[in-house]
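Raw contents of run30.txt, compact mmCIF, C-alpha atoms:
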```txt
# COMPACT_ATOMS: atom_id res chain seq x y z
CA MET A 1 66.14 -27.98 11.96
CA ILE A 2 63.30 -29.40 9.88
CA LYS A 3 59.77 -29.17 11.25
CA ILE A 4 56.55 -30.75 10.03
CA ILE A 5 53.89 -28.11 9.32
CA LEU A 6 50.55 -28.99 10.90
CA GLU A 7 47.08 -28.66 9.38
CA ASP A 8 46.15 -25.61 11.49
CA PHE A 9 49.04 -23.56 10.11
CA SER A 10 48.10 -20.29 8.38
CA SER A 11 47.73 -20.86 4.64
CA ILE A 12 48.48 -17.17 4.01
CA GLU A 13 51.71 -17.31 5.97
CA TYR A 14 52.64 -20.59 4.28
CA ASN A 15 52.17 -19.15 0.79
CA ARG A 16 54.48 -16.26 1.60
CA SER A 17 57.32 -18.78 1.58
CA ALA A 18 56.04 -20.98 -1.28
CA LEU A 19 57.90 -20.65 -4.56
CA HIS A 20 55.60 -22.14 -7.21
CA PRO A 21 51.89 -22.99 -7.73
CA LEU A 22 52.68 -26.66 -6.98
CA GLN A 23 54.06 -25.56 -3.62
CA THR A 24 51.02 -23.52 -2.59
CA TRP A 25 48.72 -24.49 0.26
CA GLU A 26 45.81 -24.66 -2.18
CA TRP A 27 47.60 -27.18 -4.38
CA GLY A 28 48.27 -29.39 -1.36
CA GLU A 29 44.63 -29.27 -0.31
CA ALA A 30 43.60 -30.20 -3.85
CA ARG A 31 45.96 -33.16 -3.93
CA LYS A 32 44.55 -34.41 -0.63
CA LYS A 33 41.10 -34.43 -2.21
CA THR A 34 42.47 -36.62 -5.02
CA GLY A 35 43.49 -39.22 -2.43
CA VAL A 36 47.16 -38.32 -2.09
CA ASP A 37 48.85 -37.75 1.28
CA ILE A 38 50.63 -34.43 1.83
CA LEU A 39 53.76 -33.73 3.87
CA ARG A 40 54.58 -30.07 4.50
CA LEU A 41 57.95 -29.16 5.97
CA SER A 42 59.82 -26.01 6.99
CA ASP A 43 63.50 -25.33 7.54
CA GLY A 44 62.73 -22.02 9.24
CA LYS A 45 63.04 -20.04 6.03
CA ASN A 46 61.61 -22.14 3.20
CA VAL A 47 58.63 -24.46 2.92
CA PHE A 48 58.56 -27.81 1.14
CA GLN A 49 55.34 -29.54 0.13
CA LEU A 50 55.62 -33.20 -0.81
CA THR A 51 52.99 -35.55 -2.17
CA ILE A 52 53.15 -39.15 -0.96
CA HIS A 53 51.87 -41.73 -3.44
CA LYS A 54 50.90 -45.27 -2.49
CA ILE A 55 52.00 -48.10 -4.78
CA PRO A 56 48.90 -50.22 -5.51
CA LYS A 57 48.62 -53.58 -3.73
CA THR A 58 51.66 -52.88 -1.53
CA ASP A 59 52.48 -51.06 1.70
CA TYR A 60 55.16 -48.99 -0.04
CA LYS A 61 55.08 -45.40 -1.24
CA ILE A 62 56.87 -42.81 -3.36
CA GLY A 63 57.47 -39.20 -2.35
CA TYR A 64 57.50 -36.25 -4.75
CA LEU A 65 58.90 -32.77 -4.13
CA PRO A 66 58.18 -30.53 -7.15
CA ARG A 67 59.40 -27.01 -7.79
CA SER A 68 60.66 -26.11 -4.33
CA VAL A 69 63.85 -24.24 -3.49
CA PHE A 70 67.10 -26.15 -3.67
CA PRO A 71 67.00 -28.75 -0.84
CA SER A 72 69.73 -28.64 1.80
CA LYS A 73 71.59 -31.69 3.06
CA THR A 74 69.66 -31.28 6.33
CA LEU A 75 66.38 -31.68 4.45
CA LEU A 76 67.67 -34.63 2.44
CA ASP A 77 68.80 -36.36 5.65
CA PHE A 78 65.39 -35.71 7.20
CA LEU A 79 63.61 -37.17 4.18
CA SER A 80 65.84 -40.23 4.14
CA ASP A 81 65.06 -40.92 7.79
CA TYR A 82 61.36 -40.19 7.30
CA GLY A 83 61.28 -42.50 4.30
CA LYS A 84 62.77 -45.41 6.23
CA LYS A 85 60.14 -45.04 8.95
CA ASN A 86 57.23 -44.75 6.50
CA LYS A 87 58.08 -47.35 3.80
CA ILE A 88 58.91 -44.76 1.14
CA ILE A 89 61.13 -46.27 -1.57
CA PHE A 90 62.43 -42.95 -2.88
CA PHE A 91 61.67 -39.25 -3.18
CA LYS A 92 61.64 -37.63 -6.61
CA ILE A 93 62.96 -34.08 -6.33
CA GLU A 94 62.57 -31.49 -9.11
CA PRO A 95 63.75 -28.07 -7.84
CA ASN A 96 62.56 -24.81 -9.32
CA LYS A 97 66.15 -23.91 -10.08
CA GLU A 98 67.58 -22.85 -13.42
CA LYS A 99 70.79 -24.57 -14.45
CA LEU A 100 72.59 -21.33 -15.24
CA GLU A 101 71.80 -19.72 -11.88
CA VAL A 102 74.74 -21.41 -10.19
CA LYS A 103 77.86 -22.71 -11.92
CA ASN A 104 78.23 -26.47 -11.80
CA GLN A 105 74.96 -26.64 -9.83
CA LYS A 106 74.30 -30.19 -10.95
CA SER A 107 77.51 -31.53 -9.40
CA LYS A 108 76.97 -29.64 -6.16
CA PHE A 109 73.46 -31.02 -5.92
CA LYS A 110 74.65 -34.60 -6.35
CA LEU A 111 77.35 -34.17 -3.73
CA LYS A 112 74.77 -33.34 -1.07
CA SER A 113 73.95 -37.04 -0.70
CA GLN A 114 75.45 -40.20 -2.16
CA LYS A 115 71.92 -41.59 -2.36
CA LEU A 116 70.84 -38.80 -4.69
CA ILE A 117 70.93 -39.84 -8.34
CA GLU A 118 69.67 -38.41 -11.60
CA SER A 119 66.15 -39.67 -12.23
CA LYS A 120 65.52 -42.03 -15.15
CA HIS A 121 61.86 -41.01 -15.22
CA PRO A 122 61.47 -37.23 -14.72
CA LEU A 123 57.98 -35.80 -14.38
CA PHE A 124 58.70 -32.18 -15.30
CA PRO A 125 60.39 -31.38 -18.62
CA LYS A 126 63.97 -30.23 -18.16
CA TRP A 127 63.36 -27.30 -20.50
CA THR A 128 60.75 -24.58 -20.61
CA GLN A 129 60.36 -21.31 -22.49
CA VAL A 130 60.02 -18.03 -20.62
CA LEU A 131 58.76 -14.68 -21.88
CA ASP A 132 59.79 -11.37 -20.26
CA LEU A 133 56.58 -9.42 -19.62
CA ASN A 134 58.26 -6.17 -18.56
CA LYS A 135 58.11 -4.85 -22.11
CA SER A 136 55.13 -2.90 -23.46
CA GLU A 137 52.48 -4.71 -25.50
CA ASP A 138 53.75 -3.00 -28.66
CA GLU A 139 57.33 -4.07 -27.93
CA LEU A 140 56.23 -7.63 -27.27
CA LEU A 141 54.15 -7.85 -30.44
CA LYS A 142 56.99 -6.48 -32.57
CA SER A 143 59.38 -9.05 -31.09
CA PHE A 144 57.24 -12.04 -32.13
CA HIS A 145 58.15 -14.04 -35.23
CA SER A 146 56.55 -12.58 -38.33
CA LYS A 147 54.42 -15.68 -38.93
CA THR A 148 53.10 -15.51 -35.36
CA ARG A 149 52.14 -11.86 -35.79
CA TYR A 150 50.46 -12.70 -39.10
CA ASN A 151 48.43 -15.50 -37.50
CA ILE A 152 47.33 -13.23 -34.62
CA ARG A 153 46.08 -10.60 -37.06
CA LEU A 154 44.40 -13.27 -39.21
CA ALA A 155 42.46 -14.62 -36.22
CA GLU A 156 41.36 -11.10 -35.27
CA LYS A 157 40.35 -10.28 -38.85
CA LYS A 158 38.34 -13.49 -39.21
CA GLY A 159 36.33 -12.75 -36.07
CA VAL A 160 37.92 -14.96 -33.41
CA VAL A 161 37.04 -13.59 -29.97
CA ILE A 162 38.89 -14.32 -26.71
CA LYS A 163 37.00 -14.33 -23.42
CA GLU A 164 38.24 -14.82 -19.89
CA MET A 165 35.78 -17.24 -18.31
CA SER A 166 37.33 -18.02 -14.95
CA ASN A 167 34.16 -19.65 -13.69
CA ASN A 168 32.59 -23.10 -13.68
CA GLU A 169 31.07 -22.63 -17.13
CA GLY A 170 34.46 -21.74 -18.51
CA PHE A 171 36.04 -24.73 -16.82
CA GLU A 172 33.54 -27.12 -18.42
CA ILE A 173 34.35 -25.71 -21.87
CA PHE A 174 38.08 -25.95 -21.16
CA SER A 175 37.75 -29.50 -19.82
CA LYS A 176 36.00 -30.76 -22.95
CA LEU A 177 38.60 -29.22 -25.26
CA TYR A 178 41.45 -30.49 -23.08
CA PHE A 179 40.28 -34.10 -22.95
CA ASP A 180 39.32 -34.12 -26.63
CA THR A 181 42.90 -33.07 -27.33
CA CYS A 182 44.33 -35.75 -25.00
CA LYS A 183 42.29 -38.41 -26.80
CA ARG A 184 43.29 -37.12 -30.23
CA GLN A 185 46.99 -37.01 -29.37
CA LYS A 186 46.88 -40.25 -27.35
CA TYR A 187 48.15 -38.46 -24.29
CA PHE A 188 47.50 -40.10 -20.90
CA GLY A 189 46.66 -37.11 -18.72
CA HIS A 190 44.95 -36.91 -15.37
CA SER A 191 41.26 -37.73 -15.03
CA PRO A 192 38.39 -35.23 -15.39
CA LYS A 193 37.77 -35.60 -11.64
CA TYR A 194 41.38 -34.62 -10.91
CA HIS A 195 41.18 -31.49 -13.06
CA LYS A 196 37.85 -30.53 -11.53
CA ILE A 197 39.33 -30.72 -8.03
CA ILE A 198 42.37 -28.68 -9.07
CA TRP A 199 40.14 -26.02 -10.61
CA GLU A 200 37.82 -25.81 -7.60
CA SER A 201 40.80 -25.45 -5.26
CA LEU A 202 42.76 -22.86 -7.26
CA LYS A 203 40.06 -20.80 -8.98
CA LYS A 204 39.84 -18.11 -6.31
CA ASP A 205 43.38 -16.72 -6.44
CA ILE A 206 45.56 -18.77 -8.80
CA ALA A 207 43.76 -20.35 -11.78
CA HIS A 208 42.36 -18.49 -14.79
CA ILE A 209 40.64 -19.74 -17.95
CA LEU A 210 40.77 -18.15 -21.40
CA ILE A 211 38.69 -19.38 -24.32
CA ALA A 212 38.83 -18.58 -28.04
CA PHE A 213 35.42 -18.48 -29.76
CA TYR A 214 34.32 -18.23 -33.35
CA ASN A 215 30.57 -17.63 -33.84
CA ASN A 216 30.15 -18.78 -30.21
CA ILE A 217 31.94 -22.07 -30.98
CA PRO A 218 34.87 -22.71 -28.59
CA LEU A 219 38.01 -23.45 -30.60
CA ALA A 220 40.78 -23.38 -27.99
CA SER A 221 41.18 -22.88 -24.26
CA TYR A 222 43.94 -22.49 -21.68
CA GLU A 223 43.96 -22.96 -17.93
CA LEU A 224 46.61 -20.59 -16.59
CA PHE A 225 48.14 -20.09 -13.14
CA TYR A 226 49.30 -16.81 -11.62
CA PHE A 227 51.53 -16.85 -8.56
CA LYS A 228 54.12 -14.39 -7.26
CA LYS A 229 54.71 -12.31 -10.36
CA THR A 230 54.86 -15.32 -12.68
CA PHE A 231 52.19 -16.49 -15.11
CA TYR A 232 52.12 -20.18 -16.08
CA TYR A 233 50.60 -22.12 -18.96
CA PRO A 234 50.16 -25.70 -17.68
CA TYR A 235 47.09 -26.90 -19.61
CA GLY A 236 45.56 -26.27 -23.00
CA GLY A 237 43.11 -27.84 -25.42
CA THR A 238 41.99 -27.22 -29.00
CA SER A 239 39.18 -28.19 -31.34
CA THR A 240 39.61 -29.69 -34.81
CA GLU A 241 37.09 -27.17 -36.17
CA TYR A 242 38.21 -24.04 -38.04
CA ARG A 243 41.91 -24.80 -37.66
CA ASN A 244 42.63 -22.30 -40.44
CA LEU A 245 41.49 -19.41 -38.21
CA MET A 246 44.63 -19.64 -36.03
CA ALA A 247 42.63 -19.21 -32.82
CA SER A 248 45.47 -20.58 -30.67
CA ASN A 249 47.83 -17.80 -31.77
CA LEU A 250 45.39 -15.10 -30.73
CA LEU A 251 44.60 -17.00 -27.53
CA MET A 252 48.27 -17.04 -26.51
CA TRP A 253 48.61 -13.33 -27.25
CA GLU A 254 45.61 -12.59 -25.04
CA ALA A 255 47.09 -14.86 -22.35
CA ILE A 256 50.28 -12.79 -22.46
CA LYS A 257 48.25 -9.59 -22.07
CA LEU A 258 46.31 -11.11 -19.17
CA GLY A 259 49.58 -12.00 -17.46
CA LYS A 260 50.73 -8.38 -17.75
CA LYS A 261 47.37 -7.16 -16.43
CA LEU A 262 47.68 -9.40 -13.37
CA GLY A 263 51.13 -7.96 -12.64
CA ALA A 264 53.37 -10.80 -13.80
CA ASP A 265 57.00 -10.11 -14.69
CA LYS A 266 57.41 -13.30 -16.69
CA PHE A 267 55.37 -15.98 -18.45
CA ASP A 268 56.58 -19.55 -17.92
CA MET A 269 55.31 -21.83 -20.69
CA TRP A 270 55.66 -24.86 -18.32
CA GLY A 271 57.43 -27.26 -20.68
CA SER A 272 59.26 -27.49 -23.98
CA LEU A 273 61.99 -29.22 -25.92
CA GLY A 274 65.38 -27.56 -25.70
CA PRO A 275 66.97 -25.37 -28.40
CA ASN A 276 68.08 -27.09 -31.61
CA TYR A 277 65.33 -29.64 -31.07
CA ASP A 278 64.52 -32.57 -33.32
CA THR A 279 61.72 -31.47 -35.65
CA THR A 280 60.39 -35.04 -35.80
CA ASP A 281 59.86 -35.15 -32.03
CA PRO A 282 56.15 -35.24 -30.99
CA TRP A 283 56.78 -32.13 -28.88
CA SER A 284 58.28 -30.13 -31.74
CA GLY A 285 54.93 -28.63 -32.74
CA PHE A 286 54.11 -26.87 -29.49
CA THR A 287 57.80 -26.06 -28.91
CA ARG A 288 57.85 -24.18 -32.22
CA PHE A 289 54.49 -22.57 -31.41
CA LYS A 290 55.82 -21.15 -28.11
CA GLU A 291 59.08 -20.12 -29.76
CA GLY A 292 57.09 -17.86 -32.07
CA TYR A 293 56.47 -15.47 -29.15
CA ASN A 294 60.17 -14.67 -28.80
CA THR A 295 60.55 -16.70 -25.63
CA LYS A 296 63.85 -17.63 -24.00
CA PHE A 297 64.75 -21.33 -23.75
CA THR A 298 65.37 -22.01 -20.06
CA GLU A 299 66.92 -25.18 -18.62
CA PHE A 300 66.28 -26.44 -15.08
CA ILE A 301 68.85 -28.47 -13.16
CA GLY A 302 66.75 -31.57 -13.68
CA SER A 303 65.10 -34.40 -11.80
CA TYR A 304 66.74 -36.39 -9.00
CA ASP A 305 65.79 -39.36 -6.86
CA LEU A 306 66.67 -39.60 -3.20
CA VAL A 307 66.87 -43.37 -2.83
CA VAL A 308 65.73 -44.77 0.52
CA ASN A 309 65.40 -48.45 -0.38
CA PRO A 310 67.95 -49.33 -3.13
CA ILE A 311 66.65 -52.86 -3.83
CA LEU A 312 63.01 -51.86 -4.23
CA TYR A 313 64.10 -48.79 -6.19
CA LYS A 314 65.71 -51.03 -8.84
CA ILE A 315 62.60 -53.19 -9.01
CA TYR A 316 60.37 -50.11 -9.31
CA ASN A 317 62.42 -48.71 -12.22
CA ALA A 318 62.34 -52.04 -14.03
CA VAL A 319 58.56 -52.30 -13.70
CA TYR A 320 58.14 -48.65 -14.69
CA SER A 321 60.16 -49.20 -17.88
CA LEU A 322 58.07 -52.24 -18.82
CA ARG A 323 54.89 -50.23 -18.25
CA GLU A 324 56.18 -47.45 -20.54
CA ILE A 325 56.88 -49.98 -23.28
CA TYR A 326 53.39 -51.43 -22.88
CA LEU A 327 51.71 -48.02 -23.09
CA LYS A 328 53.80 -47.09 -26.12
CA PHE A 329 52.61 -50.13 -28.05
CA LYS A 330 49.06 -49.68 -26.78
CA ARG A 331 48.88 -46.29 -28.45
```

Represent the structure from my file as structure tokens, please.
Amino acid sequence: MIKIILEDFSSIEYNRSALHPLQTWEWGEARKKTGVDILRLSDGKNVFQLTIHKIPKTDYKIGYLPRSVFPSKTLLDFLSDYGKKNKIIFFKIEPNKEKLEVKNQKSKFKLKSQKLIESKHPLFPKWTQVLDLNKSEDELLKSFHSKTRYNIRLAEKKGVVIKEMSNNEGFEIFSKLYFDTCKRQKYFGHSPKYHKIIWESLKKDIAHILIAFYNNIPLASYELFYFKKTFYYPYGGTSTEYRNLMASNLLMWEAIKLGKKLGADKFDMWGSLGPNYDTTDPWSGFTRFKEGYNTKFTEFIGSYDLVVNPILYKIYNAVYSLREIYLKFKR
């Protein structure tokens, strides 16, 4: 039986069942502050936190369930019924489930509901890279690609210094580097207000900020999440100054050491191209950068849409595709 979790529920108890930072109580509270509705559900064992997004100038909405456990047919039936009652066109579902964990998982997932189809517009990358943190620092360093090790030593030799600044001052430095990078790479990220809300909501127990300095000049910064023995690298930004100092290589090495210090068993790099990637792809640069740390390419089962209103779903996808074409040419 699926139950709706009310606002007075214990956040501590809720987080015991949450699987990923995007499923934590704190993340839900942050999203509410950004103007998004939250729906929290329980099947008696697992929790599921969905964001409900209003489509501008209409009464219709879209639901999103990121990085939860694998949804049961009971949950999918509940969502379908809930969607019909609340003018939700479809729910995008992106489970925190690796493809290799269960044989033929993709087919089994599709069979749970005839309305469930592979999404044409996934939000999470299908691939990530994961680093095993159970090795010693020496073992990890020796396992890195030789060029990565060289760049780490170069940054240290040239005087690059890494500081953890998990405070508001650190966030402001990170934010500037992040949005400068977005502008430079023509990436349409969330707004500064959004990131500020996320930071304020997660800074106590989940979010950490590392910054690389040279002569007190910030060159690169990461915002990192720690939750349930896993360290995550969702956001990063760099400066165009002193690129030859390889500050990002040393910053990632210090992030790995911070993850170990916090007690993480693995470091999830959040997103990547898959193995044998196209070197001309815009993502090839940071995919190769992460690969230098001897990470393991890891594939998730993918992104699926639980369609509630088939007609409006087709219209939505058509409009979405046109918008993507427009933004591509606008760049």

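Minimum atom-to-atom distance to Gly35 in chain A, evaluated using only C-alpha atoms, belongs to A:Tyr194 out of A:His121, A:Ile162, A:Ser11, A:Tyr194.
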
Checklist entry - Skipping near chain neighbours, those fewer than 2 positions away, what residues fall within 6 Å of range 128-132 of chain A using only C-alpha atoms, listed as a ChimeraX atom specification? => result /A:134,266-272,295-298

Checklist entry - So how far away is CA of Lys3 in chain A from CA of Glu26 in chain A, in Å? => result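 According to the coordinates, CA of Glu26 in chain A and CA of Lys3 in chain A are separated by 19.9 Å.
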
Checklist entry - Which residue out of A:Arg67, A:Lys204, A:His53, A:Lys73 has the minimum interatomic distance to Met1 in chain A when only C-alpha atoms are used? => result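 Going through A:Arg67, A:Lys204, A:His53, A:Lys73 one by one, the smallest distance to Met1 in chain A is for A:Lys73.
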
Next on the checklist: Quick check, in Å to one decimal: how far apart do CA of Leu75 in chain A and CA of Ile2 in chain A lie?
Outcome noted: 6.6 Å

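Note that CA of Lys97 in chain A and CA of Ser17 in chain A are 15.5 Å apart.
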
Checklist entry - Do you know which residues are at most 9 Å from range 309-321 of chain A counting all atoms listed in the file, after dropping those on the same chain fewer than 6 positions away, and could you put them as a PyMOL selection string? => result chain A and resi 83-84+87-90+115+120-121

Atoms to include: C-alpha atoms. Write the selected residues as a PDB file, in the coordinates of the input.
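out-v2.pdb, written as the output of this step:
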```
ATOM      1  CA  GLY A  83      61.280 -42.500   4.300  1.00  0.00           C
ATOM      2  CA  LYS A  84      62.770 -45.410   6.230  1.00  0.00           C
ATOM      3  CA  LYS A  87      58.080 -47.350   3.800  1.00  0.00           C
ATOM      4  CA  ILE A  88      58.910 -44.760   1.140  1.00  0.00           C
ATOM      5  CA  ILE A  89      61.130 -46.270  -1.570  1.00  0.00           C
ATOM      6  CA  PHE A  90      62.430 -42.950  -2.880  1.00  0.00           C
ATOM      7  CA  LYS A 115      71.920 -41.590  -2.360  1.00  0.00           C
ATOM      8  CA  LYS A 120      65.520 -42.030 -15.150  1.00  0.00           C
ATOM      9  CA  HIS A 121      61.860 -41.010 -15.220  1.00  0.00           C
TER      10      HIS A 121
END
```

Centre and size of axis-aligned box enclosing range 219-228 of chain A plus 3 Å each side, as lines of an AutoDock Vina configuration file:
```
center_x = 46.1
center_y = -18.9
center_z = -18.9
size_x = 22.1
size_y = 15.1
size_z = 29.3
```

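For Ser284 in chain A, the residues within 12 Å (counting all atoms listed in the file, excluding itself and residues fewer than 4 positions away along the chain) are Gly271, Ser272, Leu273, Gly274, Pro275, Asn276, Tyr277, Asp278, Thr279, Thr280, Arg288, Phe289, Lys290 and Glu291 of chain A.
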
Next on the checklist: So that I can check the surroundings of range 6-8 of chain A, please list as an MDAnalysis selection string every protein, DNA and RNA residue that reaches within 9 Å of it, counting only C-alpha atoms and ignoring chain neighbours fewer than 2 positions away.
Outcome noted: chainID A and resid 4 10:11 40:41

Next on the checklist: I'd like to know which of A:Leu219, A:Ile52, A:Ala207, A:Ala155 is closest to Leu262 in chain A, using only C-alpha atoms.
Outcome noted: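 Result for the nearest residue to Leu262 in chain A: A:Ala207.
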
Item to check | Contacts of Leu141 in chain A at 12 Å (all atoms listed in the file; same-chain gap of 3+ positions) as a ChimeraX atom specification | outcome: /A:131,133,135-138,144-153,249-250,252-254,256-257,292-295

Checklist entry - Of the residues A:Ile62, A:Leu258, A:Leu76, A:Leu177, which is the one nearest to Gly236 in chain A, using all atoms listed in the file? => result A:Leu177
